[in-house]
Structure formats: structure tokens, C-alpha cells
Protein chains: 2
Amino acid sequence: MTIDEDLEAAAAASVRPGQVHPAVRRARAWLSRVAEPGTIDFWRYVDDVGPVEAVRRLRTGRAPDRLRSIVGVRSGQDESLADLARAERCGARLVIPEDDEWPALPLHALTVAVSSEPDDHTKQSDRTLAPVPPVALWVRGPARLDELVDRSVAIVGSRASTAYGEHVAAELGHALGERGWTVVSGGAFGIDAAAHRGALAAEAPTLAVLACGVDRPYPAAHGALFNRIAETGLLVSEWPPGCAPLRHRFLVRNRLIAALTRGTVVVEAAARSGAQATARRARDLGRQLLVVPGPVTSAMSVGCHELLRDEEAGARLVASAEHVIEAVGGIGTDLARPPERPESPRDGLSDLAGRVLDACPVRSGVSADRLAAVAGCDVLDVLRVLPVLELADLVQWTGTGWRLVPPPKEVRHGAAG
Amino acid sequence: MTIDEDLEAAAAASVRPGQVHPAVRRARAWLSRVAEPGTIDFWRYVDDVGPVEAVRRLRTGRAPDRLRSIVGVRSGQDESLADLARAERCGARLVIPEDDEWPALPLHALTVAVSSEPDDHTKQSDRTLAPVPPVALWVRGPARLDELVDRSVAIVGSRASTAYGEHVAAELGHALGERGWTVVSGGAFGIDAAAHRGALAAEAPTLAVLACGVDRPYPAAHGALFNRIAETGLLVSEWPPGCAPLRHRFLVRNRLIAALTRGTVVVEAAARSGAQATARRARDLGRQLLVVPGPVTSAMSVGCHELLRDEEAGARLVASAEHVIEAVGGIGTDLARPPERPESPRDGLSDLAGRVLDACPVRSGVSADRLAAVAGCDVLDVLRVLPVLELADLVQWTGTGWRLVPPPKEVRHGAAG
């Protein structure tokens, strides 16, 4: 059956509530190929007249000029059945807004954002930056898309990462995976791959949003990684099977990584890099923007530090998975513990007791008078705190004077800086 | 002459305006030994009745009980002449608030802060944290104290520093010194020493605020470093010559490092460390609190990251001397340049031109129709941007179609993350 006959039948058919007519999926498959994702007017038209009607009008030349200009010669082509078959062969399927599985809640941020774009397309955001929901998502893997992204965090960063960045990304991916959070990334070299691998090492499903067909490993060296991701998690793409990873598609894709997750963690980013742009998109969509610092001597952390220095970016420094979860988790739950300081017998001593303790010599004992002079306080005060220090096993009476109990291995002077 | 006779004469003498009677300096020398710095009521009393009168009343038992309790048996002792002589022997002198050289402006922050301390001394801040101006400063070195601290920055951090932290502190010290800023620190092992050494390497005077006498190198291994500092810069201490570096003195000393400078840079700090406390004091005195991040895998950067995560701390991330100078320098001058990104011929291309460029194959040329289909745009648009791309030497006409001009050494796909 041609797509036109199929849609004709669909338009006439009555569908039970909660059921999706197969022709709707075919229509969205067709739509996902004839226009590049991120095109505001195209999405608006489909949203307005519905996918079946949109295809019918575009196929018969009844759509507005602007829409016909967007689709061009592709309105006469039809690869929808071939694309759906090709997806099935690699274990993928097309998830559409009419499905229960559609991640409607996370993507709602895009629907809201796109509503403030102007009508005049010459004044709209550049397509690589436009906040437009996808018309459909090709997904490969066993997980349910909406469930997988419900508690998810994006980990993004440079492809030209350092060993430090990869270590941190893998540790974060592992720790987040262990705690039931889905790690979302772009499947690229460097930080992306390290984050996915960290999650997989924790046997947690992870999600890669690709800028090419889900049957087409890009980069090619990540074929095995993508197969592992697709065993428990998901590969997701707006582009039909077979589509190539063109440069501009990565930029368009990035809005999905930001929208699908509760927050984006930038692990390493060079100066004025794409990762910074992705991070700002997350912030613009109301998502948490979290940034891992690094050595100031590392070029791959310059972008991270710029984000943290930019007050308008609203970025928060994170140094651990606990920090990330505190930021993206429920309010009041999962508060990160403050870092622990090694306990010292001095902890809890009053200022006065501390001063008297400092005044005590290591070897031969001295009188309380001498302690008072060195500590800069009254003799009565010294006599008052000496029993406290003695009970804490910090000072001892030698028979002729007071001295320190030799500490096991501690340096005595200190507390500088 | 005993101090009592000396002061008697001073009280009776008339002094020309702008001149300081030698007995005033002797009185402050005496005061600097009989009470530990940081004692609020002691400083208030001296400020109230004047140094000469304060000494006379303390020596003759006419001071209030609280003051007599602070000074204790030391009211009967007098090492003032010996201390001044000892200072002179090591090339030091006593700078007092009556001198032109006194850094009145920076220390004014302490005068303001101490005025909000309660009268009841049991309710006042702990002496190690109290914001009290010094009664006098022992300084060793050729520089004028007020001039040296006019444009100064503190660099503080852990004694147990890493190679990374020392490298960064030395680089900051060097770069700030080169740009005419005085590096102030505490002369301790680790970050302090690296910062001083960086400044010295730039042949810039640097200032060490010590917690012991300026004639007494502590740590002992820093004797040579202190001698170098004292050749062009200054060693400064509230304690008279010969005084020992007791633990609590470091904490009391830290308020001076914060007050004398326009901002404090924390380079490395362990969790809940002294450096964090110093940093917060700087903030409390209205100074810039600047923090250098580090690897999240380093225990010595945990304290830095905690400061940066603590919104109430008001800390600002700095990664270079330019960032520091931007924060402490004059408003509108010395703005740090944004980091540079390597230039690419793609820079400045429109979204459309970028998409057409991406659609061009590397080897055999293709038609404008084909480019339009891959780039997702009109053929007319493609024909419009192709001349632009050709002029920019990005695409070429093979005779049968359009293809990319092979780039010298660039990877073609990209822009992920």
C-alpha cells in the first residue's frame, strides 16, 4: 500500500481510545525523514493539523508555501515503510507522541520554550539552537523510553578529554548508575563514552542520544559500545535509520540531551566549546547545570571554569555523584554529606584550653604560672582547664610541672594557612 | 630610664605635630608583649585612653579589673627596650598607628568590625576569630608597610600541598608580582612558600605575616626564604621578637592577612580546613574571596570546592592571575579576556552555509539538488550559499559536482558534546 492510500484509510478509520492506528506511526516515520529536526514551522504544522493530515497535505501540495519550501523535492519520495522495516531489523522501533512510552513530561519543556518563538521564521532561533520537540524518536533497546529518562542525568564533555576527565566521567556514571539514575550522553569519544561505560560497569541501563541513525554506529569504533548500551538501555535518534552524523545534527541533537534529563553535568570542556553551549541550553530549559572543575592548568577544564565564573550561567560546582544527586534529586532527600575532617583530640576544646595546650612544652614540665604567661591568660584560667586537658589525655604532670602527653605521630605546631 | 619614668616624661612633653614621641613607640612595644593580640577589651582600652596612659594605668594598678586580669603578672615586667633593641639588631622596627607608614586604610575594616562586638566579654567572639586591629606591628625589611599593602593580594592554602597546588601558587605569585601586585601570605610550608617564591622570582617585593617574632624563622627551614623576603619586601608580626609560633597565634594572625589585602586567593585546602576559615574571614571583612579549583580527585582541593559550592561564602572561582586582578583591581580596569578558541574557517558561517558545507562529500562531487536534500533546505538556498563557501575556499566545483576542498589536517565530522 502506498503511504497515500494508507493515510486515506487511516483518516477514514475509527480507532479505539488508547490505540494508535499503524498509519499514524507511518506518517511520523515519513515526517521524520522529510524535514530536518529542529525546524520550528515544520513541528508547529504537524502539531497543528496532526501527523496524518500534515503528510496528506504535503504530499498533495496543499500545505502552505513555507512548509513546501522546507520539505522541497522530498514531498514526492516515501521511505517510511523501508525505514520502519530497517529499524525492525536492528531491533529498533519508532516511538511517537501518540504512544504511552513517549517522554511527554521531560519534552514539555521544549513545547513551552518553542511557544515563545516568533511566527516570522526569519526572526526565529537558528535551527541548531531552536527549542523544538521531536516529531518522533527512533529508539533501539529493551528499555521503556519514558521510564528510563524519568530519573536521568546527562553527562557531557569534550571528545578530546584527558585521563582525568574520563576517570571522573566514569566514576560519576558508575555511582549514578548504582544509585538508580540513568546516565544520558551522546555516545561520542571521550567524556560521553566514559560516562556510558561507567554506568554499564554498574550494570545500569544507559541512554545514548545519537545524531545519526540508530543502526549506524558513529563513531564507528563505538559499534561494540552501542551494542552493549542497546542490550539494557536505549539508543535514541530523531533521524531515521541510515542517516549520517552531519555536523549540524550534533548541535540539533544536543537540545534533546538537555530536555530529557533533570540536569546536565559538564565534565571537561575547552574554551568556548560546544559543551558550554549544551550546558547553557540545559539551563535555558530549566534544568540543573552542573559543572565538574579540574586543574586550572588543563586546557580541557577552561570551559568548565568559564561556566562556573559566569554568574548568568547559573552553574553549580559538583565534585561527586552525591553533589549531582543532591542537585537533581527530590528536594530534602539525598542531601550530600559535608566532607569529613580527620578527628583530632583538640576538637571541641575551648579557645582557652587550646591555648594552654599549645603553651605546654614537649619535654620538661613547666608551672601553671609559666603556662599562663605563654598562653596569655590568667593563672586561675590555666588551673581551671588543666584537669580537662589531663582527662582528655593531652597533658600530664611530671611531678615538677606540666607537659604534653607525647602524641603518637602528630606534628605539633601547625594550623597555619 | 625605666618605662615609667620615660612615660612620665612623655606625658608631660609637648610634641610637634606629625612627630611621634619615642616613648609612644616604647609604650606600644610594651603593650605588644603584655597581652595576646586579638583581645578585644585590651585593644579598646588602648584605643580609648591612648597607649601611654594605658601603660601607666596598667603599671600602677589603676586599670579596670578586666584589663588587669588580661595582663596579669606581666604588668610588672618590662622588656620594651630589649625588644626594640632586639628588633633593631635584626633590621626590624616597630610600626605604630601614630606613624605615617601605618596601613590605616586596610586596617580600618577591623576597626569597623570590632565596633559591633558586644561589651560583655563573655559574649564576644573567640579571640582566635575576633576582628581586632593590632596595637602595633613589628616589621622587618626595607619596604614601607602602607605602600606595600596598597595593591596586595593574599595567597593562602594548605601546608600539605600537592605539586599542582604549589605550581599554581607560584605561577599566581609570579604573575601578580610582575603586574605590580604584592603577594601576602603566611610564610608556611606548601602554598604560602610557593606564592612567596613565585613573587620573588618576578623580583617583586612580597610580604609574610608571621605568627612569631620577625627574628625567629618558623618554620626553621624557611630561614633563607625569610631572609630573601626581608631583602626587598617585609616580614610582619604582631608579636615581639623572640616570640614562639604557638598554634592559636596562627589563627589570630590570619585576620591580618585578610585585612591587609584586597582579596584572598585560596589555592588548596583540605575539607573543613583552616584555609577555609581564613577565606571566610576575608569575606566577612568585605574582601574578595577567590578560590582556585583543582581535580575533584584531590583531597587538597576538597576545601576549595566546598567554598565554591557554598553560596553563602560568596566565593568566586579564579583560574589565572588575570581573574584575580579583575576581581581585586579597579572597577572597569583589568578585565580578564575571555579564553580564546582556535579560529576555524567555519567561524562566521550561517547555519544554512554550515549545513550545506556538511552535506558536501569529500571525494566525488554532487549536484546542488543532492546537497539540498541532505542539508534539509531549498535548492535555491544551496545555490545562494555555494559561492560564499567557494570564496572561503571551503568547497570546489569538480566539473560534475560540488565537493569539499580537502582540509589540511582537520577531522571532518565533529561538534559532538
# chains A, B, ... in the order shown; residues from 1 in each chain; ligands from 1

$ closest_atom_pairs --of "chain A" --to "chain B" --cutoff "7 Å" --atoms "only C-alpha atoms" --output "tab-separated table"
residue	atom	partner	partner_atom	distance
A:Ala35	CA	B:Gly376	CA	6.0
A:Glu36	CA	B:Gly376	CA	5.5
A:Ser69	CA	B:Asp378	CA	6.2
A:Ile70	CA	B:Cys377	CA	5.9
A:Gly72	CA	B:Asp378	CA	6.3
A:Asp126	CA	B:Asp351	CA	6.7
A:Val156	CA	B:Gly417	CA	5.7
A:Gly157	CA	B:Gly417	CA	5.4
A:Ser158	CA	B:Gly417	CA	6.1
A:Gly186	CA	B:Gly417	CA	6.7
A:Ala188	CA	B:Ala416	CA	6.6
A:Leu246	CA	B:Asp358	CA	5.9
A:Arg247	CA	B:Gly414	CA	5.8
A:His248	CA	B:Arg355	CA	6.1
A:Phe250	CA	B:Ala416	CA	5.4
A:Ala271	CA	B:Pro339	CA	5.7
A:Arg272	CA	B:Arg341	CA	6.1
A:Gly274	CA	B:Gly417	CA	6.0
A:Ala275	CA	B:Gly417	CA	5.1
A:Pro293	CA	B:Pro293	CA	6.2
A:Gly294	CA	B:Pro295	CA	4.4
A:Pro295	CA	B:Gly294	CA	4.4
A:Val296	CA	B:Ala319	CA	5.3
A:Leu308	CA	B:Leu317	CA	6.9
A:Arg309	CA	B:Leu317	CA	5.8
A:Arg316	CA	B:Arg309	CA	6.9
A:Leu317	CA	B:Arg309	CA	5.8
A:Ala319	CA	B:Val296	CA	5.3
A:Pro339	CA	B:Ala271	CA	5.7
A:Glu340	CA	B:Ala271	CA	6.5
A:Arg341	CA	B:Ala271	CA	5.8
A:Asp351	CA	B:Asp126	CA	6.8
A:Arg355	CA	B:His248	CA	6.0
A:Asp358	CA	B:Leu246	CA	5.9
A:Gly376	CA	B:Glu36	CA	5.5
A:Cys377	CA	B:Ile70	CA	6.1
A:Asp378	CA	B:Gly72	CA	6.3
A:His413	CA	B:Arg247	CA	5.9
A:Gly414	CA	B:Arg247	CA	5.8
A:Ala415	CA	B:Arg247	CA	6.1
A:Ala416	CA	B:Phe250	CA	5.4
A:Gly417	CA	B:Ala275	CA	5.0

$ atom_distance --atom1 "atom CA of Met1 of chain A" --atom2 "atom CA of Ile96 of chain A"
21.4 Å

$ atom_distance --atom1 "atom CA of Val382 of chain B" --atom2 "atom CA of Arg370 of chain B"
9.8 Å

$ residues_around --residues "Arg403 of chain A" --least-positions-apart "2" --cutoff "9 Å" --atoms "only C-alpha atoms" --output "MDAnalysis selection string"
chainID A and resid 357 359:366 394:398 401 405:406

$ write_last_selection --atoms "C-alpha atoms" --output "CSV table (one decimal), in the first residue's frame"
chain,number,residue,atom,x,y,z
A,357,LEU,CA,47.6,23.1,75.5
A,359,ALA,CA,51.8,26.5,75.8
A,360,CYS,CA,52.7,23.1,77.2
A,361,PRO,CA,56.3,22.0,76.4
A,362,VAL,CA,57.0,18.6,74.9
A,363,ARG,CA,59.8,17.5,77.3
A,364,SER,CA,60.3,19.0,80.8
A,365,GLY,CA,57.2,20.2,82.7
A,366,VAL,CA,56.6,23.8,83.5
A,394,LEU,CA,46.5,15.6,76.3
A,395,VAL,CA,48.8,16.8,79.2
A,396,GLN,CA,50.5,15.1,82.1
A,397,TRP,CA,52.0,16.2,85.5
A,398,THR,CA,55.7,15.2,85.6
A,401,GLY,CA,55.4,20.6,86.1
A,405,VAL,CA,51.5,13.7,76.5
A,406,PRO,CA,53.6,12.8,73.5

$ select_by_dssp --residues "segment 44-131 of chain B" --states "strand (DSSP E or B)" --output "list in words"
Ala92, Arg93, Leu94 and Val95 of chain B

$ write_last_selection --atoms "C-alpha atoms" --output "PDB file, in the first residue's frame"
ATOM      1  CA  ALA B  92      63.358  45.324  62.150  1.00  0.00           C
ATOM      2  CA  ARG B  93      61.376  48.224  63.577  1.00  0.00           C
ATOM      3  CA  LEU B  94      58.061  48.789  65.320  1.00  0.00           C
ATOM      4  CA  VAL B  95      55.418  50.447  63.160  1.00  0.00           C
TER       5      VAL B  95
END

$ closest_residue --among "B:Gly242, B:Pro103, B:Gly180, B:Gly223" --to "Leu84 of chain B" --atoms "only C-alpha atoms"
B:Gly242
